[in-house]
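Input: a single structure, listed below in structure tokens.
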Amino acid sequence: MKLDHIGIAVKDLTKSNPLFTKLLGKEPFNQEFVAGQQVNVSFFKSGESKLELLESTSPESAIAKFLDKKGEGIHHAAFLVEDIYQEIERLKGEGFEPLMDAPRPGANHKLVFFFHPKSTNGVLVEICQEIKD
Ligand code: CMX
């Protein structure tokens with residue numbers, strides 16, 4: 001599995017986009033609303049990986065709850081896989097705890113699936129796969 005991105009929960013993208021643009025020396029290459037996760041996201045390239053900034057658009061979203069409890073900071077690590085359905089079965093078989101029944105559309109034209117941080121040493125793990133048209 002290849003590291004695709006690190007997700008960072010932020011309160012306000014209008015403040016965090018310029019901050020990370022200064023940090024990385026480049027603008028985000030993609031910004032979008034992910035309806036299924038109730039978030040606005042920005043993606044920055046960093047070498048072969050990316051940083052994803054996540055801003056909540058609803059008090060019910062996972063990001064709003066995370067910000068309330070822990071504040072801004074690293075939210076998840078995401079790994080790119082070739083066959084998400086096969087990887088889900090493999091990881092379930094290894095005892096990792098799934099957080100969904102099936103993959104869902106995420107940002108950047110990908111399917112995404114999450115595993116509970118309590119089964120991965122406290123790190124929320126996403127696996128993702130390009131949607132093949
Ligand atoms: N990383 C590490 N630990 C986390 C966490 C995170 N991102 N979010 C919650 N936790 C911890 C809580 O602090 C809590 O720990 P304690 O029991 O020690 O207090 C524990 O996990 C809570 O577990 P829970 O009660 O089962 O679940 P929550 O209601 O807090 O929800 C989670 C947490 C991960 C199950 C939920 O956020 C989820 O299902 N996430 C998957 C979807 C998601 O995160 N979407 C946003 C990203 C979308 C995108 O990338 O586009």
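By order in the structure tokens, chains are A, B, ...; within a chain, residues start at 1; ligands start at 1, following the order shown.
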As a ChimeraX atom specification, please: every protein or nucleic acid residue near ligand 1 (cut-off 7 Å, counting only C-alpha atoms and all ligand atoms). /A:7,34,37,39,62-63,65-66,69,75-76,99,106-107,114,116-118,122-124
May I have the residues within 9 Å of Leu13 in chain A as a list in words, using only C-alpha atoms and disregarding those fewer than 3 positions away in the same chain? Val10, Ser16, Asn17, Pro18, Asn40, Val41, Ser42, Leu53, Leu54 and Glu55 of chain A
Could you give me, as number ranges by chain, the residues within 7 Å of Ile6 in chain A, counting only C-alpha atoms and dropping anything in the same chain fewer than 6 positions from it? A: 50-52, 76-78
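Relative to CA of Asn30 in chain A, CA of Lys15 in chain A is found at 16.2 Å.
With distances restricted to only C-alpha atoms, A:Leu80 is the closest residue to Ile127 in chain A from A:Leu91, A:Ala35, A:Ile8, A:Leu80.
Using only C-alpha atoms for every distance, the candidate list A:Asp4, A:Glu126, A:Glu97, A:Asp12 yields A:Asp12 as the residue closest to Thr57 in chain A.
Proximity to Ile88 in chain A was assessed for A:Ser56, A:Val125, A:Pro105, A:Lys110 counting only C-alpha atoms; the smallest distance is recorded for A:Val125.
Pairwise distance (CA of Met1 in chain A, CA of Tyr85 in chain A) equals 13.8 Å.
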Select from range 17-90 of chain A everything DSSP, run on the backbone, classes as helix (DSSP H, G or I), then give the selection as a list in words. Asn17, Pro18, Leu19, Phe20, Thr21, Lys22, Leu23, Leu24, Ala35, Gly36, Gln37, Ala62, Ile63, Ala64, Lys65, Phe66, Leu67, Asp68, Lys69, Lys70, Ile84, Tyr85, Gln86, Glu87, Ile88, Glu89 and Arg90 of chain A
Of A:Ser61, A:Thr120, A:Ser49, A:Asn108, the one sitting nearest Gly36 in chain A when using only C-alpha atoms is A:Ser61
Quick one: DSSP strand (DSSP E or B) residues in range 17-89 of chain A, as a ChimeraX atom specification? /A:30-34,39-46,49-56,73-80
Write the residues you've just listed into a file as a PDB file, in the first residue's frame, and include C-alpha atoms for each of them.
ATOM      1  CA  ASN A  30      -7.862  20.668  -5.852  1.00  0.00           C
ATOM      2  CA  GLN A  31     -10.674  22.010  -3.667  1.00  0.00           C
ATOM      3  CA  GLU A  32     -14.052  20.333  -3.446  1.00  0.00           C
ATOM      4  CA  PHE A  33     -17.118  19.612  -1.344  1.00  0.00           C
ATOM      5  CA  VAL A  34     -17.485  15.939  -0.438  1.00  0.00           C
ATOM      6  CA  VAL A  39     -16.634  18.323   4.379  1.00  0.00           C
ATOM      7  CA  ASN A  40     -14.899  20.883   2.219  1.00  0.00           C
ATOM      8  CA  VAL A  41     -11.392  19.723   1.361  1.00  0.00           C
ATOM      9  CA  SER A  42      -8.203  21.132  -0.172  1.00  0.00           C
ATOM     10  CA  PHE A  43      -5.381  19.002  -1.510  1.00  0.00           C
ATOM     11  CA  PHE A  44      -1.711  20.013  -1.684  1.00  0.00           C
ATOM     12  CA  LYS A  45       0.983  17.957  -3.406  1.00  0.00           C
ATOM     13  CA  SER A  46       4.030  17.056  -1.342  1.00  0.00           C
ATOM     14  CA  SER A  49       2.072  12.166  -1.401  1.00  0.00           C
ATOM     15  CA  LYS A  50      -0.471  14.829  -0.551  1.00  0.00           C
ATOM     16  CA  LEU A  51      -1.902  16.745   2.359  1.00  0.00           C
ATOM     17  CA  GLU A  52      -5.691  16.986   2.617  1.00  0.00           C
ATOM     18  CA  LEU A  53      -7.157  19.809   4.703  1.00  0.00           C
ATOM     19  CA  LEU A  54     -10.671  19.030   5.919  1.00  0.00           C
ATOM     20  CA  GLU A  55     -13.218  21.619   7.073  1.00  0.00           C
ATOM     21  CA  SER A  56     -16.581  20.531   8.428  1.00  0.00           C
ATOM     22  CA  GLY A  73      -4.526  18.402  13.759  1.00  0.00           C
ATOM     23  CA  ILE A  74      -3.759  15.145  11.994  1.00  0.00           C
ATOM     24  CA  HIS A  75      -7.004  13.256  11.420  1.00  0.00           C
ATOM     25  CA  HIS A  76      -6.162  10.234   9.246  1.00  0.00           C
ATOM     26  CA  ALA A  77      -3.612   8.471   7.044  1.00  0.00           C
ATOM     27  CA  ALA A  78      -4.816   7.325   3.615  1.00  0.00           C
ATOM     28  CA  PHE A  79      -3.319   4.539   1.514  1.00  0.00           C
ATOM     29  CA  LEU A  80      -3.891   3.996  -2.185  1.00  0.00           C
TER      30      LEU A  80
END
Point-to-point distance in Å for CA of Glu82 in chain A and CA of Pro103 in chain A: 13.4 Å
Might you pull out every residue within 7 Å of Glu72 in chain A, with only C-alpha atoms counted and same-chain residues fewer than 3 positions away left off, and present them as a ChimeraX atom specification? /A:9-11,67
Just write the chosen residues, C-alpha atoms, as a PDB file, in the first residue's frame.
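The result, written out as out28.pdb:
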ATOM      1  CA  ALA A   9      -8.740  18.641  10.347  1.00  0.00           C
ATOM      2  CA  VAL A  10      -8.969  22.435  10.275  1.00  0.00           C
ATOM      3  CA  LYS A  11     -11.559  24.901  11.531  1.00  0.00           C
ATOM      4  CA  LEU A  67     -12.464  19.263  16.205  1.00  0.00           C
TER       5      LEU A  67
END
